[in-house]
>>> print(open('start-v6.cif').read())   # mmCIF, C-alpha atoms
data_data
#
loop_
_atom_site.group_PDB
_atom_site.id
_atom_site.type_symbol
_atom_site.label_atom_id
_atom_site.label_comp_id
_atom_site.auth_asym_id
_atom_site.auth_seq_id
_atom_site.Cartn_x
_atom_site.Cartn_y
_atom_site.Cartn_z
ATOM 1 C CA MET A 1 88.100 81.980 145.010
ATOM 2 C CA GLU A 2 90.198 82.251 141.864
ATOM 3 C CA ASN A 3 90.862 85.339 139.789
ATOM 4 C CA ASN A 4 90.183 85.202 136.075
ATOM 5 C CA VAL A 5 91.520 87.001 132.995
ATOM 6 C CA THR A 6 90.179 90.522 132.842
ATOM 7 C CA THR A 7 91.114 93.787 131.184
ATOM 8 C CA GLU A 8 90.545 95.711 134.418
ATOM 9 C CA ASN A 9 93.111 94.032 136.643
ATOM 10 C CA ILE A 10 93.701 96.878 139.102
ATOM 11 C CA ASN A 11 89.975 97.325 139.704
ATOM 12 C CA TYR A 12 89.513 93.551 139.850
ATOM 13 C CA LEU A 13 92.197 93.155 142.533
ATOM 14 C CA ARG A 14 90.644 95.931 144.591
ATOM 15 C CA LYS A 15 87.169 94.387 144.373
ATOM 16 C CA PHE A 16 88.549 90.925 145.069
ATOM 17 C CA GLU A 17 90.231 92.177 148.230
ATOM 18 C CA GLU A 18 87.130 94.125 149.328
ATOM 19 C CA LEU A 19 85.051 90.986 148.956
ATOM 20 C CA LEU A 20 87.482 89.010 151.121
ATOM 21 C CA ILE A 21 87.461 91.704 153.796
ATOM 22 C CA ASN A 22 83.662 91.891 153.839
ATOM 23 C CA VAL A 23 83.115 88.138 153.895
ATOM 24 C CA LYS A 24 85.292 87.783 157.023
ATOM 25 C CA GLN A 25 85.444 84.010 156.874
ATOM 26 C CA ASP A 26 88.611 82.155 157.749
ATOM 27 C CA ASN A 27 87.642 79.350 155.410
ATOM 28 C CA VAL A 28 87.492 81.641 152.347
ATOM 29 C CA ALA A 29 90.845 81.944 150.640
ATOM 30 C CA VAL A 30 92.456 82.909 147.355
ATOM 31 C CA CYS A 31 93.748 80.824 144.493
ATOM 32 C CA LEU A 32 95.900 83.449 142.809
ATOM 33 C CA ASP A 33 96.279 82.689 139.126
ATOM 34 C CA LEU A 34 99.394 84.691 138.336
ATOM 35 C CA GLY A 35 99.266 83.678 134.689
ATOM 36 C CA HIS A 36 95.759 85.136 134.333
ATOM 37 C CA LEU A 37 96.667 88.253 136.295
ATOM 38 C CA LEU A 38 99.820 89.013 134.301
ATOM 39 C CA TYR A 39 98.250 88.079 130.960
ATOM 40 C CA GLY A 40 95.320 90.395 131.702
ATOM 41 C CA GLY A 41 97.775 93.141 132.630
ATOM 42 C CA LEU A 42 99.539 92.664 129.305
ATOM 43 C CA LEU A 43 96.249 92.890 127.408
ATOM 44 C CA GLU A 44 95.345 96.151 129.139
ATOM 45 C CA GLY A 45 98.851 97.588 128.712
ATOM 46 C CA ASN A 46 99.508 97.665 132.464
ATOM 47 C CA LYS A 47 103.096 96.892 133.393
ATOM 48 C CA ASN A 48 102.582 97.570 137.114
ATOM 49 C CA ILE A 49 100.547 94.527 138.086
ATOM 50 C CA PHE A 50 103.095 93.351 140.670
ATOM 51 C CA THR A 51 103.201 96.833 142.202
ATOM 52 C CA GLU A 52 99.436 96.807 142.585
ATOM 53 C CA LEU A 53 99.491 93.274 143.918
ATOM 54 C CA TYR A 54 102.086 94.246 146.567
ATOM 55 C CA ASN A 55 99.604 96.883 147.799
ATOM 56 C CA ARG A 56 96.890 94.272 148.408
ATOM 57 C CA LYS A 57 98.182 92.978 151.766
ATOM 58 C CA TYR A 58 94.925 91.411 152.932
ATOM 59 C CA LEU A 59 94.463 89.607 149.641
ATOM 60 C CA ILE A 60 98.058 88.363 149.870
ATOM 61 C CA SER A 61 97.423 87.095 153.392
ATOM 62 C CA ARG A 62 94.568 84.933 152.070
ATOM 63 C CA ILE A 63 96.523 83.235 149.237
ATOM 64 C CA ARG A 64 96.444 79.458 149.695
ATOM 65 C CA GLU A 65 97.271 78.291 146.181
ATOM 66 C CA ILE A 66 99.075 79.696 143.133
ATOM 67 C CA HIS A 67 98.312 78.822 139.519
ATOM 68 C CA LEU A 68 101.313 79.404 137.310
ATOM 69 C CA HIS A 69 101.664 79.378 133.554
ATOM 70 C CA ASP A 70 103.373 81.470 130.952
ATOM 71 C CA TYR A 71 101.744 83.851 128.502
ATOM 72 C CA ASN A 72 102.433 86.125 125.548
ATOM 73 C CA ILE A 73 100.441 88.761 123.680
ATOM 74 C CA GLU A 74 98.390 86.078 121.898
ATOM 75 C CA LYS A 75 97.469 83.603 124.656
ATOM 76 C CA ASP A 76 98.048 82.279 128.136
ATOM 77 C CA HIS A 77 98.567 78.764 129.534
ATOM 78 C CA LEU A 78 101.917 78.438 127.772
ATOM 79 C CA ILE A 79 104.717 76.275 129.132
ATOM 80 C CA VAL A 80 106.793 78.159 131.709
ATOM 81 C CA GLY A 81 109.799 79.600 129.898
ATOM 82 C CA GLU A 82 108.082 79.961 126.519
ATOM 83 C CA GLY A 83 106.550 83.391 127.084
ATOM 84 C CA LEU A 84 106.920 86.622 129.027
ATOM 85 C CA LEU A 85 106.592 85.334 132.599
ATOM 86 C CA SER A 86 109.443 86.395 134.871
ATOM 87 C CA LEU A 87 109.986 83.578 137.345
ATOM 88 C CA ASP A 88 112.386 85.823 139.264
ATOM 89 C CA LYS A 89 109.607 88.373 139.876
ATOM 90 C CA VAL A 90 107.166 85.637 140.869
ATOM 91 C CA VAL A 91 109.568 84.058 143.355
ATOM 92 C CA LYS A 92 110.583 87.442 144.746
ATOM 93 C CA PHE A 93 106.928 88.366 145.287
ATOM 94 C CA LEU A 94 106.145 85.060 147.000
ATOM 95 C CA LYS A 95 109.170 85.165 149.291
ATOM 96 C CA GLU A 96 108.876 88.854 150.214
ATOM 97 C CA ASN A 97 105.246 88.317 151.191
ATOM 98 C CA ASN A 98 105.797 84.979 152.961
ATOM 99 C CA VAL A 99 103.471 83.175 150.588
ATOM 100 C CA TYR A 100 104.210 79.476 150.987
ATOM 101 C CA CYS A 101 101.557 77.350 149.334
ATOM 102 C CA PRO A 102 101.104 74.814 146.545
ATOM 103 C CA ILE A 103 102.030 76.053 143.071
ATOM 104 C CA ILE A 104 99.954 74.424 140.354
ATOM 105 C CA ILE A 105 101.575 74.459 136.922
ATOM 106 C CA GLU A 106 98.620 75.075 134.673
ATOM 107 C CA ASN A 107 99.175 74.068 131.073
ATOM 108 C CA SER A 108 99.163 71.066 128.773
ATOM 109 C CA VAL A 109 102.454 69.312 128.287
ATOM 110 C CA LEU A 110 102.378 66.373 125.932
ATOM 111 C CA ASN A 111 106.107 65.756 126.146
ATOM 112 C CA ILE A 112 107.415 64.425 129.475
ATOM 113 C CA GLU A 113 110.853 65.991 128.920
ATOM 114 C CA LYS A 114 109.249 69.430 128.553
ATOM 115 C CA ALA A 115 107.251 68.855 131.728
ATOM 116 C CA ILE A 116 110.382 67.944 133.688
ATOM 117 C CA GLU A 117 112.253 70.919 132.211
ATOM 118 C CA GLN A 118 109.433 73.257 133.265
ATOM 119 C CA VAL A 119 109.430 71.973 136.859
ATOM 120 C CA ASN A 120 113.229 72.246 137.014
ATOM 121 C CA LYS A 121 113.125 75.871 135.823
ATOM 122 C CA ILE A 122 110.720 76.724 138.625
ATOM 123 C CA ARG A 123 112.818 74.862 141.216
ATOM 124 C CA GLU A 124 116.001 76.616 140.096
ATOM 125 C CA SER A 125 114.349 80.018 140.245
ATOM 126 C CA ILE A 126 113.189 79.309 143.804
ATOM 127 C CA LYS A 127 116.710 78.228 144.845
ATOM 128 C CA GLU A 128 118.377 81.258 143.219
ATOM 129 C CA ASN A 129 116.087 83.826 144.752
#
>>> encode(input="start-v6.cif", output="structure tokens")
Amino acid sequence: MENNVTTENINYLRKFEELLINVKQDNVAVCLDLGHLLYGGLLEGNKNIFTELYNRKYLISRIREIHLHDYNIEKDHLIVGEGLLSLDKVVKFLKENNVYCPIIIENSVLNIEKAIEQVNKIRESIKEN
């Protein structure tokens, strides 16, 4: 299951976790779209999305894939490094919660150099943190 952009992120995370708990199926997991989650938080004026996410331990335990893209006040799916996304916070969250899974970079890059630069930024952030 993947989260989507919403203007009620805290409530959405709670309901998402409740659904996972009630389904009780090992084969049901989470594709956490951090870009959508953080962009939605920005739209609703909530700067505590990571704090709320840290409190969702069961949801975290079910994460099997991460979608990552940057965002700003106008749109999401920007190239990583061209918006408000803090890679340091993302990496810290993943490491502190032992989330080791595929990270899908979710945006359109028409320039191969920009694509390589984006991947290198993510790699460097992982190494530094």
>>> closest_residue(input="start-v6.cif", among="A:Asn11, A:Asn27, A:Ser108, A:Asn97", to="Asp70 of chain A", atoms="all atoms listed in the file")
A:Ser108
>>> residues_around(input="start-v6.cif", residues="Glu128 of chain A", least_positions_apart="3", cutoff="12 Å", atoms="only C-alpha atoms", output="VMD selection string")
chain A and resid 87 to 89 91 to 92 95 121 to 125
>>> write_last_selection(input="start-v6.cif", atoms="C-alpha atoms", output="short mmCIF file (atom, residue, chain, number, x, y, z; two decimals), keeping the file's coordinate frame")
data_model
loop_
_atom_site.label_atom_id
_atom_site.label_comp_id
_atom_site.auth_asym_id
_atom_site.auth_seq_id
_atom_site.Cartn_x
_atom_site.Cartn_y
_atom_site.Cartn_z
CA LEU A 87 109.99 83.58 137.34
CA ASP A 88 112.39 85.82 139.26
CA LYS A 89 109.61 88.37 139.88
CA VAL A 91 109.57 84.06 143.35
CA LYS A 92 110.58 87.44 144.75
CA LYS A 95 109.17 85.16 149.29
CA LYS A 121 113.12 75.87 135.82
CA ILE A 122 110.72 76.72 138.62
CA ARG A 123 112.82 74.86 141.22
CA GLU A 124 116.00 76.62 140.10
CA SER A 125 114.35 80.02 140.24
#
>>> closest_residue(input="start-v6.cif", among="A:Asp26, A:Asp33, A:Glu18, A:Glu113", to="Leu68 of chain A", atoms="only C-alpha atoms")
A:Asp33
>>> resolve_selection(input="start-v6.cif", expression="the PyMOL selection byres ((chain A and resi 80) around 9)", output="list in words")
Leu68, His69, Asp70, Tyr71, His77, Leu78, Ile79, Gly81, Glu82, Gly83, Leu84, Leu85, Leu87, Ile105, Asn107, Gln118, Val119, Lys121 and Ile122 of chain A
>>> resolve_selection(input="start-v6.cif", expression="the PyMOL selection byres ((chain A and resi 73) around 8)", output="compact mmCIF listing (two decimals) with C-alpha atoms, in the frame of the given file")
# COMPACT_ATOMS: atom_id res chain seq x y z
CA TYR A 39 98.25 88.08 130.96
CA LEU A 42 99.54 92.66 129.30
CA LEU A 43 96.25 92.89 127.41
CA TYR A 71 101.74 83.85 128.50
CA ASN A 72 102.43 86.12 125.55
CA GLU A 74 98.39 86.08 121.90
CA LYS A 75 97.47 83.60 124.66
>>> closest_residue(input="start-v6.cif", among="A:Cys31, A:Glu96, A:Gly41, A:His36", to="Arg64 of chain A", atoms="only C-alpha atoms")
A:Cys31
>>> residues_around(input="start-v6.cif", residues="segment 45-59 of chain A", least_positions_apart="6", cutoff="9 Å", atoms="only C-alpha atoms", output="number ranges by chain")
A: 7, 9-10, 13-14, 16-18, 20-21, 29-30, 37-38, 89-90, 93, 97
>>> axis_aligned_box(input="start-v6.cif", around="segment 30-39 of chain A", padding_each_side="6 Å", output="lines of an AutoDock Vina configuration file")
center_x = 96.1
center_y = 84.9
center_z = 139.2
size_x = 19.4
size_y = 20.2
size_z = 28.4
>>> closest_residue(input="start-v6.cif", among="A:Asn22, A:Asp76, A:Ile63, A:Val28", to="Cys101 of chain A", atoms="only C-alpha atoms")
A:Ile63
>>> atom_distance(input="start-v6.cif", atom1="atom CA of Gly40 of chain A", atom2="atom CA of His67 of chain A")
14.3 Å
>>> atom_distance(input="start-v6.cif", atom1="atom CA of Ile112 of chain A", atom2="atom CA of Leu34 of chain A")
23.5 Å
>>> decode(input="start-v6.cif", residues="segment 54-74 of chain A", atoms="C-alpha atoms", output="short mmCIF file (atom, residue, chain, number, x, y, z; two decimals), in the first residue's frame")
data_model
loop_
_atom_site.label_atom_id
_atom_site.label_comp_id
_atom_site.auth_asym_id
_atom_site.auth_seq_id
_atom_site.Cartn_x
_atom_site.Cartn_y
_atom_site.Cartn_z
CA TYR A 54 8.58 8.24 14.38
CA ASN A 55 5.55 7.50 16.59
CA ARG A 56 4.12 5.03 14.06
CA LYS A 57 6.32 2.04 14.97
CA TYR A 58 4.10 -0.64 13.46
CA LEU A 59 3.80 1.26 10.20
CA ILE A 60 7.59 1.69 10.15
CA SER A 61 8.04 -2.04 10.70
CA ARG A 62 6.00 -2.72 7.55
CA ILE A 63 7.95 -0.39 5.20
CA ARG A 64 9.33 -2.38 2.26
CA GLU A 65 9.94 0.39 -0.26
CA ILE A 66 10.58 4.14 -0.17
CA HIS A 67 9.61 6.61 -2.88
CA LEU A 68 11.79 9.69 -2.77
CA HIS A 69 11.50 12.99 -4.57
CA ASP A 70 11.88 16.62 -3.71
CA TYR A 71 9.11 19.18 -3.35
CA ASN A 72 8.43 22.86 -2.76
CA ILE A 73 5.33 24.92 -1.98
CA GLU A 74 4.14 24.66 -5.60
#
